[in-house]
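Everything below concerns the one structure shown next.
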Amino acid sequence: MSRPGFVLEVDERTPPVLIHRGEGFGVERFPLGTHVVYPPDSLPAVRDIDAAIALALQHPHGTDPLRELLTPSTRLTVVIDDICTPAPSMRAPDIRQRVVEAVLEIAAEQQVDDVELVAANGLQRRMTAAELRHLVGERVYGSFTPDRLHNHDAEDRANLVGIGATDAGHDVEINRRVAESDLVVHVSVVTSAIAGNCRSLAARIASYATVRDENAYATAHPGSDDAPAADRLGVVLERQVPIFVVEATLDHGDSARQLAFLGKREWEWSLRDQAAYVGVKRLNDLGPGRVRHRIWQHAQASYGVTAVCAGRPAEVRARTLETLHRQQLTEVDGQSDVVVFGLPSASASSVNSIMNPILAMSLGLGVYFNSFRGRPLLRPGGALILYHPMQQQFHPVHHPSYIDFFEEVLAETTDPATIASKYQDQFAGDEWYRHLYRNSYAFHGAHPFLMWYLGARALAHAGDIICVGADRPTASRLGFRTASTLADALEMASGKVGRSPSIAYLHGAPNTIADVR
Amino acid sequence: MITAVEYHRSPLRFASARAASGRISARLGATFSSAVTGSLAPLRLVTLPEPRRPGPDWARVRPRLSGICGKDLALLAARSSPYLSPLVSMPFVPGHEVVGELLDDVDGLAAGTRVVIDPVLCCVARDVEMCAHCAAGHESRCDHVTAGTVSAGLQTGFCGDTGGGWSGMLVAHRRQIHAVPETLPDRRAVLVEPMACAVHTVRRAEIADGASVVIVGAGTVGLLVLLALREFAAPGQVYVVAKHAHQADRARTLGATDVVEPRRAARVLRRATGGSLQTPEHGSDFLLGGVDVAIECTGGSGLDSALRLVRAGGRVVLAGMPSSRVDLTPLWYRELTLVGAYASDSGGADRHADFVDAISLADAAALDGYVDAVYALGQWREAIGHAQEAGRLGSVKVAFDPTRD
Ligand SMILES: [Zn+2]
Ligand SMILES: [Zn+2]
């Protein structure tokens with residue numbers, strides 16, 4: 001039985017607490033009385049992963065075993081979650097490779113002839129050959145490229161088909177191959193119960209128009225009664241084609257072995273952890289930007305697989321969430337005046353890339369802020385404090401429209417509604433972005449918009465947003481204030497939250513979800 | 001006798017000024033400034049006899065204000081091409097942007113009249129047989145700038161015989177002289193000459209109605225071209241590439257659609273005009289797509305930008321005197337039309353002279369504050385230094401007031 005999460009109240013004996021600040025980290029002494037919210041320990045990893053996969057395929061939830069769904073004439077499409085999960089990437093072999101191999105083996109035994117693989121990258125960039133190879137393994141990659149392994153293309157008119165309308169009345173267009181299959185096996189990896197943009201299969205294989213109409217990247221607001229777009233799209237998708245999902249959940253992972261201490265509670269650091277901290281911190285502080293960037297952005301991590309679950313999407317989803325909640329939910333007593341997040345360098349949209357300021361905003365306000373159950377950890381009107389350097393750095397190949405979004409759109413307004421009505425269609429219709437998304441390795445022209453909207457609720461909810469250690473002009477372009485230390489930030493926030501606010505620090509987010517009572 | 005700032009280039013000085021100014025790319029602007037204002041400067045403050053009137057159609061003019069222009073600075077730093085060297089006569093007194101007071105009655109204008117000078121020294125002024133260009137009203141293209149009654153000089157301010165604006169007196173042919181309306185104060189009147197160049201530039205640019213335009217550079221030339229563009233053409237979007245915040249503010253006031261920093265120009269224009277952004281292995285990004293017309297107003301690296309921002313088949317107009325080398329590959333590959341725009345002309349029978357239109361425009365436009373730094377001749381080092389750094393220092397036009405001590 002792994003240890004549950006808990007809340008530490010900082011007192012005189014509490015050691016400084018580790019906090020991420022982009023491609024770096026440090027320790028912070030929080031004011032006495034600060035609540036540090038730690039996640040439960042990771043669930044134990046499955047020892048024999050292949051056996052767990054075989055078992056899941058043989059005993060799926062809500063459907064017959066995979067073997068019985070396949071006949072020689074089945075038109076089978078295997079849809080694979082793209083590299084946006086996990087971040088950082090999983091050290092080879094990726095769990096997807098094992099699942100895909102198992103699925104294809106069964107298909108071969110059943111003499112299925114017509115099999116294709118589709119990478120479900122949605123509006124994210126196409127994956128490179130190396131990335132695809134990493135996801136499915138050399139053997140599968142070699143046998144399926146170039147003709148039967150594709151990145152999804154949300155702008156490929158010839159290969160998108162309408163499959164009916166949602167309850168909201170929007171036509172749903174999806175990948176033609178998926179729509180015209182007899183069976184879709186969705187190979188999925190989930191690391192967080194608040195996965196936001198990477199959750200819904202339908203959103204990842206839909207056309208841009210469908211994503212836009214259904215606002216399909218929006219995070220389902222915990223506690224709200226609205227059916228999230230993911231569900232609305234999912235209903236239409238399942239009416240069209242049977243979906244057999246194989247979902248693996250991962251543990252917290254360790255960002256490369258020498259960074260193992262990042263996931264531990266400070267007072268439990270062994271001598272080795274302490275030595276590793278000092279070593280990595282020194283390298284991190286001294287290393288020129290490029291070296292530091294390599295350590296963090298391209299770090300692959302070891303993850304343990306905590307469960308593999310297969311079957312009908314709704315039933316698998318319920319079980320997956322239950323599994324994740326066991327290693328992520330920490331009960332917290334009430335909201336706080338001030339909430340602190342330390343943002344790391346990796347996020348779903350910056351894998352093998354650069355975490356630009358918009359992605360940092362989206363990670364903090366979209367993912368971390370929404371890492372709650374019940375109600376937000378921050379009280380309405382409270383102060384949100386983010387640790388991140390917010391350097392004005394963009395990956396020119398991956399995020400071309402982000403550059404213009406930052407320079408042009410944010411220079412005018414940060415209000416999500418204004419941004420949406422004035423600019424989104426314009427960016428989405430930009431031929432150059434479309435070309436780069438379809439033929440190069442660029443995120444879709446509208447992607448920065450969807451990332452910005454993820455933070456909309458936090459923007460409306462927080463009374464103040466202050467970035468510690470951030471580049472001032474960049475943070476101010478995002479609409480945030482800047483402080484050099486936590487003390488300064490608290491001083492700046494005192495107008496909104498007074499001189500002795502209640503403070504909570506969500507340690508280890510997004511693997512920590514505050515269950516706020 | 002008069003006081004004057006005189007240009008007295010010797011081959012040796014020319015070579016050293018060029019060598020010194022060559023270091024600006026590697027070192028700070030200070031080096032550059034000292035090259036033109038320090039001991040190597042080809043300028044000196046002198047006392048000269050009053051210039052002689054070459055004929056009855058000439059009058060003496062006492063400058064009240066005389067601007068310092070990019071051309072002058074390029075010449076002083078030896079950044080200008082040796083191409084022009086046969087078209088000047090040494091030594092000469094610079095200053096071709098002049099508002100002054102007429103000292104002699106001349107053909108309908110009484111002594112004491114406030115006047116501006118069209119500096120072009122064409123066939124009529126030189127009293128030679130009309131060349132084909134002058135006959136057609138294209139005086140700025142005159143072939144006879146080395147002939148006739150005055151010594152070689154493409155303009156007043158480059159001619160040894162006429163004197164120039166940076167002095168207590170010059171002589172001007174009646175044809176060069178235009179009376180200034182009462183309503184036009186000196187500090188705006190001194191902008192008439194560069195304004196005439198701007199009007200001429202816009203005419204040379206032949207901008208189709210609704211065409212998109214980028215003006216590269218927002219110093220005096222860029223701002224006045226923007227003003228003239230709004231008056232004498234009907235462009236669609238007009239973008240201005242400006243280095244400094246005060247330039248950007250002025251450009252917005254004058255009606256720019258958008259103003260962008262140089263490093264952002266390619267991205268912004270791509271967004272505005274469609275097409276794609278391309279990144280070569282070396283050198284700046286360029287567009288496949290881009291604006292219809294680019295007007296280069298920096299007299300320097302702006303030409304490279306202009307060539308990269310204009311669409312295939314588009315026009316690039318040189319308003320500033322070119323003073324840097326440039327990669328012409330885009331001119332060839334995109335089949336661009338490169339158009340020069342030098343000084344101003346009378347335009348023949350069909351229209352007003354550029355200078356006449358420039359006077360009305362300067363009279364009507366909100367140009368107050370454009371001439372905010374005025375120096376006595378004796379302060380020429382400070383004045384030139386200020387002009388070199390005008391953009392950074394928040395100034396547009398720096399001028400001499402030769403009536404001051
Ligand atoms: Zn001039
Ligand atoms: Zn002539």
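Each chain in the structure tokens gets a letter, A, B, ..., in the order shown, and its residues are numbered from 1; ligands are numbered from 1 in order too.
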
| message | Can you work out which residues from chain A touch chain B at a cut-off of 10 Å (counting only C-alpha atoms) and hand them back as number ranges by chain? | response | A: 400-401, 403-404, 407-408, 426-427, 430-433, 435-436

| message | Need the shell around region 235-240 of chain A: protein/DNA/RNA residues with any atom at most 12 Å away, counting only C-alpha atoms. Skip same-chain ones fewer than 4 positions apart. Format as a ChimeraX atom specification? | response | /A:161-185,200-206,210,227-231,244-245,312-314

| query | Taking only C-alpha atoms and all ligand atoms into account, which residues are within 6 Å of ligand 2, as a list in words? | reply | Cys122, Cys123, Met130, Cys131, His133, Cys134, Glu139, Cys142, Asp143 and His144 of chain B

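CA of Ala310 (chain A) lies 9.1 Å from CA of Thr63 (chain A).
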
Within 8 Å of ligand 1 (only C-alpha atoms and all ligand atoms), residues as a PDB file with N, CA, C and O atoms, in the first residue's frame:
ATOM      1  N   GLY B  67      19.342  72.614 -42.691  1.00  0.00           N
ATOM      2  CA  GLY B  67      19.301  71.271 -42.113  1.00  0.00           C
ATOM      3  C   GLY B  67      20.553  70.463 -42.387  1.00  0.00           C
ATOM      4  O   GLY B  67      21.305  70.737 -43.324  1.00  0.00           O
ATOM      5  N   ILE B  68      20.733  69.447 -41.533  1.00  0.00           N
ATOM      6  CA  ILE B  68      21.796  68.461 -41.742  1.00  0.00           C
ATOM      7  C   ILE B  68      21.096  67.194 -42.229  1.00  0.00           C
ATOM      8  O   ILE B  68      20.202  66.685 -41.578  1.00  0.00           O
ATOM      9  N   CYS B  69      21.546  66.716 -43.388  1.00  0.00           N
ATOM     10  CA  CYS B  69      20.821  65.644 -44.066  1.00  0.00           C
ATOM     11  C   CYS B  69      21.652  64.368 -44.069  1.00  0.00           C
ATOM     12  O   CYS B  69      22.865  64.410 -43.885  1.00  0.00           O
ATOM     13  N   GLY B  70      20.998  63.234 -44.281  1.00  0.00           N
ATOM     14  CA  GLY B  70      21.695  61.953 -44.358  1.00  0.00           C
ATOM     15  C   GLY B  70      22.781  61.948 -45.419  1.00  0.00           C
ATOM     16  O   GLY B  70      23.847  61.366 -45.223  1.00  0.00           O
ATOM     17  N   LYS B  71      22.512  62.612 -46.525  1.00  0.00           N
ATOM     18  CA  LYS B  71      23.515  62.703 -47.589  1.00  0.00           C
ATOM     19  C   LYS B  71      24.784  63.359 -47.060  1.00  0.00           C
ATOM     20  O   LYS B  71      25.886  62.935 -47.341  1.00  0.00           O
ATOM     21  N   ASP B  72      24.590  64.458 -46.308  1.00  0.00           N
ATOM     22  CA  ASP B  72      25.734  65.176 -45.746  1.00  0.00           C
ATOM     23  C   ASP B  72      26.535  64.259 -44.828  1.00  0.00           C
ATOM     24  O   ASP B  72      27.763  64.216 -44.884  1.00  0.00           O
ATOM     25  N   HIS B  96      22.019  72.037 -48.159  1.00  0.00           N
ATOM     26  CA  HIS B  96      21.108  72.169 -49.303  1.00  0.00           C
ATOM     27  C   HIS B  96      19.654  72.264 -48.849  1.00  0.00           C
ATOM     28  O   HIS B  96      18.762  72.367 -49.654  1.00  0.00           O
ATOM     29  N   GLU B  97      19.424  72.170 -47.517  1.00  0.00           N
ATOM     30  CA  GLU B  97      18.070  72.331 -46.989  1.00  0.00           C
ATOM     31  C   GLU B  97      18.052  73.698 -46.309  1.00  0.00           C
ATOM     32  O   GLU B  97      18.531  73.836 -45.199  1.00  0.00           O
ATOM     33  N   GLU B 193      12.628  71.276 -48.457  1.00  0.00           N
ATOM     34  CA  GLU B 193      13.483  70.553 -49.414  1.00  0.00           C
ATOM     35  C   GLU B 193      13.365  69.040 -49.234  1.00  0.00           C
ATOM     36  O   GLU B 193      13.061  68.326 -50.191  1.00  0.00           O
ATOM     37  N   PRO B 194      13.578  68.516 -48.015  1.00  0.00           N
ATOM     38  CA  PRO B 194      13.364  67.064 -47.877  1.00  0.00           C
ATOM     39  C   PRO B 194      11.919  66.652 -48.200  1.00  0.00           C
ATOM     40  O   PRO B 194      11.692  65.556 -48.700  1.00  0.00           O
ATOM     41  N   CYS B 197      11.690  66.132 -51.851  1.00  0.00           N
ATOM     42  CA  CYS B 197      12.275  64.833 -52.209  1.00  0.00           C
ATOM     43  C   CYS B 197      11.265  63.719 -51.930  1.00  0.00           C
ATOM     44  O   CYS B 197      11.141  62.759 -52.687  1.00  0.00           O
TER      45      CYS B 197
END

| task | Give me the residues within 10 Å of Pro54 (chain B) as a list in words, counting only C-alpha atoms and dropping any in the same chain fewer than 5 places off. | result |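 Those residues are Ala59, Ala125, Arg126, Asp127, Thr149, Val150, Asp161, Thr162, Val171, Ala172 and His173 of chain B.
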
| task | Quick one: pull the distance between CA of Ala234 (chain B) and CA of Val310 (chain B), Å, one decimal. | result | 18.1 Å

| query | If you run DSSP on the backbone, which residues of region 62-309 of chain B are strand (DSSP E), as a ChimeraX atom specification? | reply | /B:62-67,98-102,114-117,170-173,177-179,213-216,238-241,258-260,276-278,286-288,291-296

| said: Taking 5 positions as the minimum chain separation for residues in the same chain, which residues sit within 12 Å of His388 (chain A) when counting only C-alpha atoms? Answer as a ChimeraX atom specification. | reply: /A:19-26,340-346,355-361,363-364,466-472,474-475,480,482-485

Next, dump the selected residues to file, keeping only N, CA, C and O atoms, as a compact mmCIF listing (two decimals), in the first residue's frame.
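Contents of the output file result-v6.txt:
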# COMPACT_ATOMS: atom_id res chain seq x y z
N ILE A 19 11.59 23.56 -5.54
CA ILE A 19 10.60 24.14 -6.46
C ILE A 19 11.19 24.28 -7.86
O ILE A 19 12.32 24.70 -8.04
N HIS A 20 10.41 23.87 -8.85
CA HIS A 20 10.81 24.01 -10.26
C HIS A 20 10.76 25.47 -10.67
O HIS A 20 9.88 26.21 -10.24
N ARG A 21 11.70 25.86 -11.50
CA ARG A 21 11.60 27.18 -12.13
C ARG A 21 12.11 27.07 -13.55
O ARG A 21 13.16 27.56 -13.90
N GLY A 22 11.33 26.40 -14.40
CA GLY A 22 11.72 26.20 -15.79
C GLY A 22 12.85 25.20 -15.88
O GLY A 22 12.83 24.18 -15.20
N GLU A 23 13.84 25.55 -16.71
CA GLU A 23 14.96 24.65 -16.87
C GLU A 23 15.90 24.83 -15.70
O GLU A 23 17.05 25.19 -15.84
N GLY A 24 15.38 24.59 -14.54
CA GLY A 24 16.19 24.75 -13.35
C GLY A 24 15.27 24.55 -12.18
O GLY A 24 14.07 24.33 -12.35
N PHE A 25 15.84 24.60 -11.02
CA PHE A 25 15.02 24.44 -9.83
C PHE A 25 15.82 25.01 -8.68
O PHE A 25 17.00 25.32 -8.80
N GLY A 26 15.17 25.17 -7.61
CA GLY A 26 15.86 25.68 -6.44
C GLY A 26 15.11 25.23 -5.22
O GLY A 26 14.15 24.46 -5.32
N VAL A 340 1.02 28.79 -4.82
CA VAL A 340 2.32 28.85 -5.50
C VAL A 340 2.50 27.60 -6.37
O VAL A 340 2.24 26.48 -5.92
N PHE A 341 2.91 27.83 -7.63
CA PHE A 341 3.27 26.72 -8.52
C PHE A 341 4.70 26.92 -8.99
O PHE A 341 5.08 28.03 -9.38
N GLY A 342 5.48 25.85 -9.01
CA GLY A 342 6.79 25.88 -9.67
C GLY A 342 6.65 25.16 -10.99
O GLY A 342 6.34 23.98 -11.03
N LEU A 343 6.87 25.90 -12.08
CA LEU A 343 6.65 25.29 -13.40
C LEU A 343 7.92 24.66 -13.93
O LEU A 343 8.95 25.32 -14.00
N PRO A 344 7.87 23.41 -14.31
CA PRO A 344 9.06 22.76 -14.88
C PRO A 344 9.24 23.14 -16.34
O PRO A 344 8.53 24.01 -16.85
N SER A 345 10.19 22.49 -16.99
CA SER A 345 10.50 22.89 -18.37
C SER A 345 9.75 22.06 -19.39
O SER A 345 9.79 22.36 -20.57
N ALA A 346 9.09 21.01 -18.95
CA ALA A 346 8.44 20.13 -19.92
C ALA A 346 6.93 20.26 -19.81
O ALA A 346 6.39 20.31 -18.72
N MET A 355 9.92 25.29 -24.29
CA MET A 355 8.74 25.74 -23.55
C MET A 355 8.70 27.26 -23.66
O MET A 355 9.38 27.98 -22.94
N ASN A 356 7.89 27.74 -24.57
CA ASN A 356 7.82 29.20 -24.77
C ASN A 356 6.88 29.82 -23.73
O ASN A 356 6.21 29.12 -22.98
N PRO A 357 6.84 31.14 -23.65
CA PRO A 357 6.06 31.79 -22.57
C PRO A 357 4.56 31.46 -22.61
O PRO A 357 3.93 31.40 -21.55
N ILE A 358 4.02 31.23 -23.80
CA ILE A 358 2.59 30.92 -23.86
C ILE A 358 2.34 29.52 -23.30
O ILE A 358 1.36 29.29 -22.59
N LEU A 359 3.25 28.61 -23.61
CA LEU A 359 3.12 27.27 -23.05
C LEU A 359 3.30 27.29 -21.54
O LEU A 359 2.65 26.54 -20.81
N ALA A 360 4.17 28.17 -21.07
CA ALA A 360 4.35 28.29 -19.62
C ALA A 360 3.07 28.81 -18.98
O ALA A 360 2.62 28.30 -17.95
N MET A 361 2.46 29.81 -19.60
CA MET A 361 1.19 30.33 -19.10
C MET A 361 0.16 29.21 -19.06
O MET A 361 -0.56 29.01 -18.09
N LEU A 363 0.58 26.00 -19.01
CA LEU A 363 0.89 24.97 -18.02
C LEU A 363 0.47 25.43 -16.62
O LEU A 363 -0.16 24.70 -15.86
N GLY A 364 0.81 26.67 -16.32
CA GLY A 364 0.50 27.18 -14.98
C GLY A 364 -0.98 27.40 -14.77
O GLY A 364 -1.58 26.92 -13.81
N ILE A 466 1.52 36.68 -10.26
CA ILE A 466 2.87 37.23 -10.12
C ILE A 466 3.88 36.13 -10.45
O ILE A 466 3.74 35.00 -9.97
N CYS A 467 4.84 36.47 -11.28
CA CYS A 467 5.85 35.49 -11.68
C CYS A 467 7.15 35.77 -10.95
O CYS A 467 7.69 36.87 -11.08
N VAL A 468 7.66 34.79 -10.24
CA VAL A 468 8.93 34.96 -9.55
C VAL A 468 10.06 34.54 -10.48
O VAL A 468 10.04 33.47 -11.06
N GLY A 469 11.04 35.45 -10.61
CA GLY A 469 12.22 35.15 -11.42
C GLY A 469 11.97 35.21 -12.91
O GLY A 469 12.73 34.66 -13.70
N ALA A 470 10.90 35.87 -13.32
CA ALA A 470 10.56 35.90 -14.74
C ALA A 470 11.18 37.10 -15.43
O ALA A 470 11.47 38.11 -14.81
N ASP A 471 11.37 36.95 -16.73
CA ASP A 471 11.78 38.07 -17.57
C ASP A 471 10.62 39.07 -17.58
O ASP A 471 9.51 38.75 -17.99
N ARG A 472 10.92 40.29 -17.11
CA ARG A 472 9.83 41.24 -16.87
C ARG A 472 9.03 41.59 -18.13
O ARG A 472 7.80 41.50 -18.12
N THR A 474 8.55 39.97 -20.82
CA THR A 474 7.78 38.82 -21.30
C THR A 474 6.56 38.59 -20.42
O THR A 474 5.44 38.46 -20.90
N ALA A 475 6.80 38.57 -19.11
CA ALA A 475 5.69 38.34 -18.19
C ALA A 475 4.64 39.43 -18.34
O ALA A 475 3.43 39.17 -18.31
N PHE A 480 1.15 39.51 -16.65
CA PHE A 480 1.51 39.16 -15.28
C PHE A 480 2.51 40.16 -14.72
O PHE A 480 3.26 40.79 -15.45
N THR A 482 5.86 40.82 -12.11
CA THR A 482 7.11 40.09 -11.89
C THR A 482 7.70 40.44 -10.54
O THR A 482 7.70 41.61 -10.15
N ALA A 483 8.21 39.44 -9.85
CA ALA A 483 8.93 39.68 -8.59
C ALA A 483 10.22 38.89 -8.63
O ALA A 483 10.31 37.89 -9.34
N SER A 484 11.23 39.37 -7.88
CA SER A 484 12.47 38.61 -7.92
C SER A 484 12.52 37.56 -6.81
O SER A 484 13.24 36.58 -6.93
N THR A 485 11.77 37.77 -5.74
CA THR A 485 11.75 36.77 -4.67
C THR A 485 10.31 36.53 -4.22
O THR A 485 9.42 37.32 -4.51

| message | When you count only C-alpha atoms, which of these residues is closest to Val332 (chain A): A:Glu412, A:Glu131, A:Asp464, A:Asp515? | response |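 Going through A:Glu412, A:Glu131, A:Asp464, A:Asp515 one by one, the smallest distance to Val332 (chain A) is for A:Asp515.
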
| said: I'd like the contact shell of Gly33 (chain A) - 7 Å cut-off, only C-alpha atoms, skipping same-chain residues fewer than 4 positions apart - returned as a PyMOL selection string. | reply: chain A and resi 9-11

Would you save the residues from that selection as a PDB file, in the first residue's frame, using all heavy atoms?
ATOM      1  N   GLU A   9       2.483  21.433   7.011  1.00  0.00           N
ATOM      2  CA  GLU A   9       2.435  22.837   7.408  1.00  0.00           C
ATOM      3  C   GLU A   9       3.842  23.267   7.781  1.00  0.00           C
ATOM      4  O   GLU A   9       4.479  22.669   8.645  1.00  0.00           O
ATOM      5  CB  GLU A   9       1.469  23.023   8.581  1.00  0.00           C
ATOM      6  CG  GLU A   9       1.325  24.494   8.942  1.00  0.00           C
ATOM      7  CD  GLU A   9       0.177  24.738   9.922  1.00  0.00           C
ATOM      8  OE1 GLU A   9      -0.797  23.965   9.898  1.00  0.00           O
ATOM      9  OE2 GLU A   9       0.287  25.692  10.711  1.00  0.00           O
ATOM     10  N   VAL A  10       4.342  24.277   7.117  1.00  0.00           N
ATOM     11  CA  VAL A  10       5.726  24.699   7.323  1.00  0.00           C
ATOM     12  C   VAL A  10       5.901  25.258   8.735  1.00  0.00           C
ATOM     13  O   VAL A  10       5.139  26.121   9.168  1.00  0.00           O
ATOM     14  CB  VAL A  10       6.130  25.768   6.286  1.00  0.00           C
ATOM     15  CG1 VAL A  10       7.490  26.355   6.603  1.00  0.00           C
ATOM     16  CG2 VAL A  10       6.113  25.176   4.880  1.00  0.00           C
ATOM     17  N   ASP A  11       6.892  24.702   9.466  1.00  0.00           N
ATOM     18  CA  ASP A  11       7.244  25.272  10.771  1.00  0.00           C
ATOM     19  C   ASP A  11       8.751  25.489  10.824  1.00  0.00           C
ATOM     20  O   ASP A  11       9.435  25.336   9.807  1.00  0.00           O
ATOM     21  CB  ASP A  11       6.736  24.386  11.913  1.00  0.00           C
ATOM     22  CG  ASP A  11       7.361  23.001  11.896  1.00  0.00           C
ATOM     23  OD1 ASP A  11       8.460  22.832  11.297  1.00  0.00           O
ATOM     24  OD2 ASP A  11       6.758  22.063  12.461  1.00  0.00           O
TER      25      ASP A  11
END

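You will find CA of Ser188 (chain A) at 13.3 Å from CA of Leu321 (chain A).
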
| request: From region 18-189 of chain A, collect each residue whose DSSP state is alpha helix (DSSP H) and return the set as a PyMOL selection string. | output: chain A and resi 49-58+66-69+95-109+129-144+176-179

| message | Show me, as an MDAnalysis selection string, the residues that have an atom within 10 Å of Leu384 (chain A) when counting only C-alpha atoms, minus same-chain residues fewer than 4 positions from it. | response | chainID A and resid 336:341 364:365 369 378:379 458:459 461:467 480 489 493 503:504

| Taking only C-alpha atoms into account, which of A:Ala92, A:Val78, A:Ala120, A:Leu43 comes nearest Ala107 (chain A)? | A:Val78

Would you mind listing what lies within 9 Å of region 363-371 of chain B as a tab-separated table (two decimals) with N, CA, C and O atoms, in the first residue's frame, with only C-alpha atoms counted and same-chain residues fewer than 2 positions away left out?
chain	number	residue	atom	x	y	z
B	67	GLY	N	19.34	72.61	-42.69
B	67	GLY	CA	19.30	71.27	-42.11
B	67	GLY	C	20.55	70.46	-42.39
B	67	GLY	O	21.30	70.74	-43.32
B	181	PRO	N	5.26	81.08	-47.60
B	181	PRO	CA	4.06	81.73	-47.07
B	181	PRO	C	4.29	82.22	-45.65
B	181	PRO	O	5.05	81.60	-44.89
B	183	THR	N	2.45	81.92	-43.20
B	183	THR	CA	2.00	80.96	-42.20
B	183	THR	C	3.00	79.86	-41.91
B	183	THR	O	2.82	79.08	-40.99
B	184	LEU	N	4.05	79.78	-42.70
B	184	LEU	CA	4.99	78.67	-42.56
B	184	LEU	C	6.23	79.13	-41.80
B	184	LEU	O	7.07	79.84	-42.33
B	185	PRO	N	6.36	78.74	-40.54
B	185	PRO	CA	7.51	79.18	-39.75
B	185	PRO	C	8.81	78.54	-40.23
B	185	PRO	O	8.79	77.51	-40.90
B	187	ARG	N	11.06	76.76	-38.85
B	187	ARG	CA	11.39	75.38	-38.48
B	187	ARG	C	10.61	74.36	-39.29
B	187	ARG	O	10.97	73.18	-39.30
B	188	ARG	N	9.53	74.79	-39.91
B	188	ARG	CA	8.86	73.88	-40.84
B	188	ARG	C	9.34	74.14	-42.27
B	188	ARG	O	9.44	73.21	-43.06
B	189	ALA	N	9.65	75.42	-42.56
B	189	ALA	CA	10.10	75.75	-43.91
B	189	ALA	C	11.40	75.04	-44.27
B	189	ALA	O	11.62	74.65	-45.42
B	190	VAL	N	12.24	74.81	-43.25
B	190	VAL	CA	13.52	74.16	-43.54
B	190	VAL	C	13.30	72.70	-43.95
B	190	VAL	O	14.18	72.04	-44.49
B	191	LEU	N	12.09	72.20	-43.72
B	191	LEU	CA	11.76	70.82	-44.12
B	191	LEU	C	11.20	70.75	-45.53
B	191	LEU	O	10.91	69.66	-46.03
B	220	THR	N	13.84	61.46	-40.94
B	220	THR	CA	13.17	62.53	-41.69
B	220	THR	C	12.60	62.02	-43.02
B	220	THR	O	11.44	62.25	-43.34
B	227	LEU	N	4.12	60.98	-45.10
B	227	LEU	CA	3.21	62.11	-45.21
B	227	LEU	C	2.82	62.36	-46.67
B	227	LEU	O	1.64	62.52	-47.01
B	254	LEU	N	1.13	60.08	-38.32
B	254	LEU	CA	1.03	60.43	-39.74
B	254	LEU	C	0.21	59.42	-40.52
B	254	LEU	O	0.12	59.50	-41.74
B	358	ALA	N	5.41	70.61	-52.13
B	358	ALA	CA	6.06	70.43	-50.83
B	358	ALA	C	5.81	71.63	-49.92
B	358	ALA	O	5.60	71.49	-48.72
B	359	ILE	N	5.79	72.81	-50.51
B	359	ILE	CA	5.54	74.02	-49.71
B	359	ILE	C	4.12	73.98	-49.13
B	359	ILE	O	3.92	74.19	-47.93
B	360	SER	N	3.14	73.61	-49.97
B	360	SER	CA	1.77	73.54	-49.44
B	360	SER	C	1.67	72.48	-48.35
B	360	SER	O	1.00	72.67	-47.34
B	361	LEU	N	2.33	71.36	-48.58
B	361	LEU	CA	2.23	70.27	-47.62
B	361	LEU	C	2.89	70.65	-46.30
B	361	LEU	O	2.34	70.40	-45.22
B	373	ALA	N	16.43	70.56	-32.68
B	373	ALA	CA	17.81	70.78	-32.24
B	373	ALA	C	18.46	71.73	-33.24
B	373	ALA	O	18.64	71.39	-34.40
B	374	VAL	N	18.76	72.94	-32.78
B	374	VAL	CA	19.33	73.96	-33.67
B	374	VAL	C	20.65	74.44	-33.07
B	374	VAL	O	20.73	74.76	-31.88
B	395	SER	N	15.45	62.84	-31.84
B	395	SER	CA	15.29	63.96	-32.76
B	395	SER	C	14.96	63.47	-34.17
B	395	SER	O	15.25	62.33	-34.52
B	396	VAL	N	14.37	64.35	-34.95
B	396	VAL	CA	14.14	64.03	-36.35
B	396	VAL	C	15.17	64.79	-37.19
B	396	VAL	O	16.01	64.20	-37.86
B	397	LYS	N	15.11	66.10	-37.14
B	397	LYS	CA	16.00	66.91	-37.98
B	397	LYS	C	16.82	67.86	-37.12
B	397	LYS	O	16.28	68.58	-36.28
B	398	VAL	N	18.11	67.84	-37.35
B	398	VAL	CA	19.01	68.78	-36.67
B	398	VAL	C	19.41	69.84	-37.69
B	398	VAL	O	19.65	69.53	-38.85
B	399	ALA	N	19.45	71.10	-37.25
B	399	ALA	CA	19.74	72.18	-38.20
B	399	ALA	C	20.72	73.20	-37.62
B	399	ALA	O	20.88	73.31	-36.40

| task | Return the single residue from A:Gly455, A:Pro86, A:Pro65, A:Gly479 that is closest to Asn370 (chain A), with distances computed using only C-alpha atoms. | result |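 That would be A:Gly455, the residue with the smallest distance to Asn370 (chain A).
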